[in-house]
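**Q** Take this structure first; my questions come after.
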Amino acid sequence: MSTIIKSVKAIATAPQRGCNLVIVKIDTNQQGLYGLGCATFTQRHTPVVTAVEDYMEQLLVGRDPTNVEDNWNVMMNSSYWRNGPVLNNAISGCDMAMWDILGKELGAPVYKLWGGKVREAAPVYRHADGLTPEAVAENVQKYIDAGYQYVRCQMGGYGGRTNYLRTPENSPDGMYFDALSYMRGVPKMFEAVRRICGEEVELLHDIHERLTPIDAIRLAKAVEPYRLFFLEDALPPEMGFWFEKLRDAAAVPIAMGELYNNPLEYMPMIQNRWIDFVRCHISQIGGATPARKLAIICEPFGVRTAWHGPGDVSPVGHVANLHLDLVTPNFGIQEWCGFETRPEIQEVFTGLPWIKDGHAFVNDKPGWGIDIDEEKAKKYQCTNEQPRWLLARLPDGTSVKA
């Protein structure tokens, strides 16, 4: 009897407060054969659930889940309007779930379906923050002592924090930051980290779109002496062609792309070699199928992968990141949020990756090798609260990109 899809559903859960996770489960007509995928769009999880259950299910029920490529194209093309974050995340959850099913049906982990390992594990980077340069350095040293070689350094969060801000009377609520103060602080932070932690640790930084193009160039030039592994999201996607000027101005490796919805948005960056790392949120572009193709396109251009891996990527999504890391020759680094140490995550998910000496490992079970306890997932309800950090404002009250 051939395998066909019997049902498609979305599981919404938030075992880590503030991170609404959406997991797609595709069940088949074969006893016990199902697949899981990540469809997490934390800030707008409800419409993703609707897209999965009201639209993806009617498209996929009765189809062969192992025809992953054809099913992906049916999902992408069927709405006519395409390449938005809600639809792409819904497609991603189904896409990953079908790869999971294919691996289980063949008795192989997904990475074997893509040609097998080129490395045993993926080096990861962690996040160190602090309110002073010395506090950041202290937290970087803790990660070094724990075996990590790569650490992202921020001081006071995205855009930094200042002790005072001269804002106009009656200014609206929001997460205010002073871009000029932030720019002055970042080189001081890296000077302290290098002085205290040495030259062997690889350092990263995320501007997170908080600067104008010319100020992003000024900051890139200012951090050149500290030999960053990469500088991330110096500009928003809408200002992509400024990356040519950024590349010409500073010898700093550049990472970009977590907000892109369509893999073609990366092409000018890749073919012109304006960036060194693709920072792709793989559910945002539609799942593992387009992400694998993106990695292959990057290889001849010398661009490496650095898949997005914050707390609002589900454990299923993190495992998919790692399977891609294991098979990609032009892999660069993997972001890591440390979810494997959180009891609530361990309660809901089994088969989690593990960390040893700053490297992430996956198990060799068929498919993704990860599972979810649906009853325990129900304990952790999602909310529709607006994350305050996304309400970014300049000192004069202007709403800006977060």
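Residue numbers start at 1 in each chain; chains themselves are named A, B, ... in the order of the structure tokens; ligands are numbered from 1 in the order shown.
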Need to verify the contact set: region 125-129 of chain A, 8 Å, only C-alpha atoms, exclusion of same-chain residues closer than 2 positions in sequence. Can you return it as a list in words?
**A**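 Everything that qualifies: Pro123, Leu131, Ala135, Val136, Asn139, Val140, Tyr143, Tyr148, Gln149, Tyr150, Val151, Arg152, Cys153, Gln154, Met155, Gly156, Gly157, Ile333, Gln334, Glu335, Trp336, Cys337, Gly338 and Gly358 of chain A.
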**Q** Convert the current residue selection to file output with N, CA and C atoms, as a PDB file, in the first residue's frame.
**A**
ATOM      1  N   PRO A 123      29.921  23.753  14.563  1.00  0.00           N
ATOM      2  CA  PRO A 123      30.289  24.755  15.567  1.00  0.00           C
ATOM      3  C   PRO A 123      29.192  25.815  15.669  1.00  0.00           C
ATOM      4  N   LEU A 131      25.853  45.486  30.328  1.00  0.00           N
ATOM      5  CA  LEU A 131      25.604  46.926  30.302  1.00  0.00           C
ATOM      6  C   LEU A 131      26.883  47.734  30.177  1.00  0.00           C
ATOM      7  N   ALA A 135      31.455  44.020  31.467  1.00  0.00           N
ATOM      8  CA  ALA A 135      30.431  42.998  31.727  1.00  0.00           C
ATOM      9  C   ALA A 135      30.257  42.086  30.526  1.00  0.00           C
ATOM     10  N   VAL A 136      30.305  42.654  29.319  1.00  0.00           N
ATOM     11  CA  VAL A 136      30.233  41.828  28.111  1.00  0.00           C
ATOM     12  C   VAL A 136      31.425  40.879  28.063  1.00  0.00           C
ATOM     13  N   ASN A 139      31.047  37.932  30.326  1.00  0.00           N
ATOM     14  CA  ASN A 139      30.120  36.914  29.818  1.00  0.00           C
ATOM     15  C   ASN A 139      30.703  36.157  28.628  1.00  0.00           C
ATOM     16  N   VAL A 140      31.504  36.845  27.808  1.00  0.00           N
ATOM     17  CA  VAL A 140      32.203  36.140  26.728  1.00  0.00           C
ATOM     18  C   VAL A 140      33.142  35.096  27.310  1.00  0.00           C
ATOM     19  N   TYR A 143      31.569  31.808  28.240  1.00  0.00           N
ATOM     20  CA  TYR A 143      31.347  30.903  27.109  1.00  0.00           C
ATOM     21  C   TYR A 143      32.656  30.259  26.662  1.00  0.00           C
ATOM     22  N   TYR A 148      33.127  27.172  24.065  1.00  0.00           N
ATOM     23  CA  TYR A 148      32.680  27.818  22.830  1.00  0.00           C
ATOM     24  C   TYR A 148      33.798  28.670  22.249  1.00  0.00           C
ATOM     25  N   GLN A 149      33.909  28.669  20.929  1.00  0.00           N
ATOM     26  CA  GLN A 149      34.936  29.441  20.240  1.00  0.00           C
ATOM     27  C   GLN A 149      34.363  30.678  19.560  1.00  0.00           C
ATOM     28  N   TYR A 150      33.027  30.742  19.416  1.00  0.00           N
ATOM     29  CA  TYR A 150      32.363  31.832  18.702  1.00  0.00           C
ATOM     30  C   TYR A 150      31.322  32.464  19.632  1.00  0.00           C
ATOM     31  N   VAL A 151      31.366  33.795  19.778  1.00  0.00           N
ATOM     32  CA  VAL A 151      30.431  34.488  20.666  1.00  0.00           C
ATOM     33  C   VAL A 151      29.989  35.798  20.019  1.00  0.00           C
ATOM     34  N   ARG A 152      28.681  36.027  20.003  1.00  0.00           N
ATOM     35  CA  ARG A 152      28.144  37.312  19.545  1.00  0.00           C
ATOM     36  C   ARG A 152      28.099  38.278  20.719  1.00  0.00           C
ATOM     37  N   CYS A 153      28.604  39.484  20.510  1.00  0.00           N
ATOM     38  CA  CYS A 153      28.703  40.485  21.573  1.00  0.00           C
ATOM     39  C   CYS A 153      27.725  41.631  21.319  1.00  0.00           C
ATOM     40  N   GLN A 154      26.875  41.906  22.292  1.00  0.00           N
ATOM     41  CA  GLN A 154      25.985  43.072  22.274  1.00  0.00           C
ATOM     42  C   GLN A 154      26.133  43.776  23.612  1.00  0.00           C
ATOM     43  N   MET A 155      25.863  45.059  23.661  1.00  0.00           N
ATOM     44  CA  MET A 155      25.942  45.796  24.921  1.00  0.00           C
ATOM     45  C   MET A 155      24.638  46.546  25.144  1.00  0.00           C
ATOM     46  N   GLY A 156      23.808  45.983  25.993  1.00  0.00           N
ATOM     47  CA  GLY A 156      22.517  46.603  26.276  1.00  0.00           C
ATOM     48  C   GLY A 156      21.460  46.301  25.242  1.00  0.00           C
ATOM     49  N   GLY A 157      21.589  45.169  24.537  1.00  0.00           N
ATOM     50  CA  GLY A 157      20.591  44.791  23.541  1.00  0.00           C
ATOM     51  C   GLY A 157      20.803  45.504  22.217  1.00  0.00           C
ATOM     52  N   ILE A 333      28.783  29.014  10.203  1.00  0.00           N
ATOM     53  CA  ILE A 333      28.579  28.959  11.642  1.00  0.00           C
ATOM     54  C   ILE A 333      27.088  28.790  11.890  1.00  0.00           C
ATOM     55  N   GLN A 334      26.730  28.268  13.073  1.00  0.00           N
ATOM     56  CA  GLN A 334      25.327  28.090  13.427  1.00  0.00           C
ATOM     57  C   GLN A 334      24.999  28.869  14.696  1.00  0.00           C
ATOM     58  N   GLU A 335      24.000  29.732  14.628  1.00  0.00           N
ATOM     59  CA  GLU A 335      23.524  30.431  15.826  1.00  0.00           C
ATOM     60  C   GLU A 335      22.847  29.437  16.757  1.00  0.00           C
ATOM     61  N   TRP A 336      23.047  29.633  18.079  1.00  0.00           N
ATOM     62  CA  TRP A 336      22.503  28.688  19.053  1.00  0.00           C
ATOM     63  C   TRP A 336      21.938  29.431  20.245  1.00  0.00           C
ATOM     64  N   CYS A 337      20.750  29.023  20.696  1.00  0.00           N
ATOM     65  CA  CYS A 337      20.076  29.729  21.786  1.00  0.00           C
ATOM     66  C   CYS A 337      20.122  28.963  23.103  1.00  0.00           C
ATOM     67  N   GLY A 338      20.633  27.743  23.105  1.00  0.00           N
ATOM     68  CA  GLY A 338      20.753  26.989  24.349  1.00  0.00           C
ATOM     69  C   GLY A 338      19.475  26.356  24.843  1.00  0.00           C
ATOM     70  N   GLY A 358      31.419  23.256  22.258  1.00  0.00           N
ATOM     71  CA  GLY A 358      31.001  24.310  21.347  1.00  0.00           C
ATOM     72  C   GLY A 358      30.469  23.829  20.015  1.00  0.00           C
TER      73      GLY A 358
END
**Q** Taking the DSSP secondary structure from the backbone, can you list the residues of region 152-351 of chain A that are helix (DSSP H, G or I), as number ranges by chain?
**A** A: 179-197, 213-222, 224-226, 237-249, 263-271, 288-301, 315-327, 339-341, 343-348
**Q** List the spatial neighbours of Asp276 (chain A) as a PyMOL selection string - criterion: any atom at most 6 Å away, only C-alpha atoms, same-chain residues fewer than 2 positions off excluded.
**A** chain A and resi 253-255+303
**Q** What does the distance from CA of Phe349 (chain A) to CA of Pro315 (chain A) come to in Å, to one decimal?
**A**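 Taking CA of Phe349 (chain A) as the start and CA of Pro315 (chain A) as the end point, the length is 7.5 Å.
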**Q** Find, counting only C-alpha atoms, the residue in A:Thr3, A:Asp173, A:Glu69, A:Val61 that gets nearest to Ala392 (chain A).
**A**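 Closest candidate: A:Asp173.
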**Q** Please identify all polymer residues within 12 Å of Gly107 (chain A), counting only C-alpha atoms, omitting same-chain residues fewer than 5 positions from it, and present them as number ranges by chain.
**A** A: 33, 99-102, 112-113, 364-369
**Q** With N, CA, C and O atoms retained, export the selected residues as a compact mmCIF listing (two decimals), in the first residue's frame.
**A**
# COMPACT_ATOMS: atom_id res chain seq x y z
N LEU A 33 3.41 6.38 11.15
CA LEU A 33 4.30 7.15 10.27
C LEU A 33 3.76 8.57 10.14
O LEU A 33 2.72 8.81 9.52
N TRP A 99 9.91 15.86 4.60
CA TRP A 99 11.28 15.32 4.65
C TRP A 99 11.42 14.34 5.81
O TRP A 99 12.10 13.32 5.70
N ASP A 100 10.78 14.67 6.93
CA ASP A 100 10.80 13.78 8.09
C ASP A 100 10.18 12.42 7.75
O ASP A 100 10.73 11.36 8.07
N ILE A 101 9.04 12.46 7.06
CA ILE A 101 8.37 11.23 6.66
C ILE A 101 9.23 10.43 5.69
O ILE A 101 9.38 9.20 5.81
N LEU A 102 9.83 11.11 4.71
CA LEU A 102 10.66 10.42 3.74
C LEU A 102 11.83 9.72 4.42
O LEU A 102 12.15 8.56 4.11
N LYS A 112 21.33 12.12 5.32
CA LYS A 112 21.76 11.09 4.37
C LYS A 112 21.03 11.23 3.04
O LYS A 112 21.58 10.91 1.98
N LEU A 113 19.80 11.73 3.07
CA LEU A 113 19.05 11.94 1.83
C LEU A 113 19.67 13.06 1.00
O LEU A 113 19.43 13.12 -0.21
N ASP A 364 21.13 9.91 15.13
CA ASP A 364 21.09 9.24 13.83
C ASP A 364 19.77 8.51 13.58
O ASP A 364 19.72 7.60 12.74
N LYS A 365 18.72 8.92 14.27
CA LYS A 365 17.42 8.30 14.05
C LYS A 365 16.87 8.70 12.67
O LYS A 365 17.24 9.74 12.13
N PRO A 366 15.97 7.91 12.10
CA PRO A 366 15.38 8.26 10.80
C PRO A 366 14.65 9.59 10.84
O PRO A 366 14.08 9.99 11.87
N GLY A 367 14.62 10.28 9.70
CA GLY A 367 13.98 11.59 9.63
C GLY A 367 14.81 12.63 10.36
O GLY A 367 16.03 12.61 10.32
N TRP A 368 14.12 13.55 11.05
CA TRP A 368 14.83 14.56 11.84
C TRP A 368 15.33 14.00 13.15
O TRP A 368 16.20 14.60 13.78
N GLY A 369 14.73 12.92 13.63
CA GLY A 369 15.15 12.34 14.89
C GLY A 369 14.61 13.05 16.11
O GLY A 369 15.11 12.86 17.22
**Q** What are the nearest atom pairs, with distances in Å to one decimal, for all residues of region 113-140 of chain A that come at most 9 Å from region 175-192 of chain A, using only C-alpha atoms, set out by chain and rising residue number as a Markdown table?
**A**
| residue | atom | partner | partner_atom | distance |
| --- | --- | --- | --- | --- |
| A:Thr132 | CA | A:Met189 | CA | 7.4 |
| A:Pro133 | CA | A:Met189 | CA | 4.3 |
| A:Glu134 | CA | A:Ala192 | CA | 6.2 |
| A:Val136 | CA | A:Met189 | CA | 7.3 |
| A:Ala137 | CA | A:Ala192 | CA | 6.5 |
**Q** May I ask which of the residues A:Val327, A:Ile207, A:Ala122, A:Ile26 is the closest one to Val362 (chain A), counting only C-alpha atoms?
**A**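 Selected residue with least distance to Val362 (chain A): A:Ala122.
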**Q** Which residues are close to Cys94 (chain A), i.e. within 8 Å by only C-alpha atoms, leaving aside same-chain residues fewer than 5 positions away? Reply as a ChimeraX atom specification.
**A** /A:8,24-26,36-37,39,56
**Q** Would you mind exporting the chosen residues as a CSV table (one decimal), in the first residue's frame, restricted to N, CA and C atoms?
**A**
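Final output, saved to result-v3.csv:
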chain,number,residue,atom,x,y,z
A,8,VAL,N,-3.3,17.0,8.2
A,8,VAL,CA,-2.2,18.0,8.4
A,8,VAL,C,-2.8,19.0,9.5
A,24,VAL,N,4.2,21.8,12.6
A,24,VAL,CA,3.2,21.1,11.7
A,24,VAL,C,3.4,19.6,11.9
A,25,LYS,N,2.3,18.9,12.0
A,25,LYS,CA,2.3,17.4,12.1
A,25,LYS,C,1.5,16.9,10.9
A,26,ILE,N,2.2,16.1,10.0
A,26,ILE,CA,1.5,15.4,8.9
A,26,ILE,C,1.4,14.0,9.2
A,36,LEU,N,7.2,15.9,11.3
A,36,LEU,CA,7.1,17.2,12.0
A,36,LEU,C,7.9,18.2,11.3
A,37,GLY,N,7.4,19.4,11.3
A,37,GLY,CA,8.1,20.5,10.6
A,37,GLY,C,7.9,21.8,11.4
A,39,ALA,N,7.0,25.7,11.6
A,39,ALA,CA,6.3,26.8,10.9
A,39,ALA,C,6.2,28.0,11.8
A,56,MET,N,-3.4,24.4,3.7
A,56,MET,CA,-2.4,23.4,3.4
A,56,MET,C,-3.0,22.0,3.5
**Q** Between CA of Val313 (chain A) and CA of Asn88 (chain A), what distance in Å does the model show, to one decimal?
**A**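 CA of Val313 (chain A) sits 14.2 Å away from CA of Asn88 (chain A).
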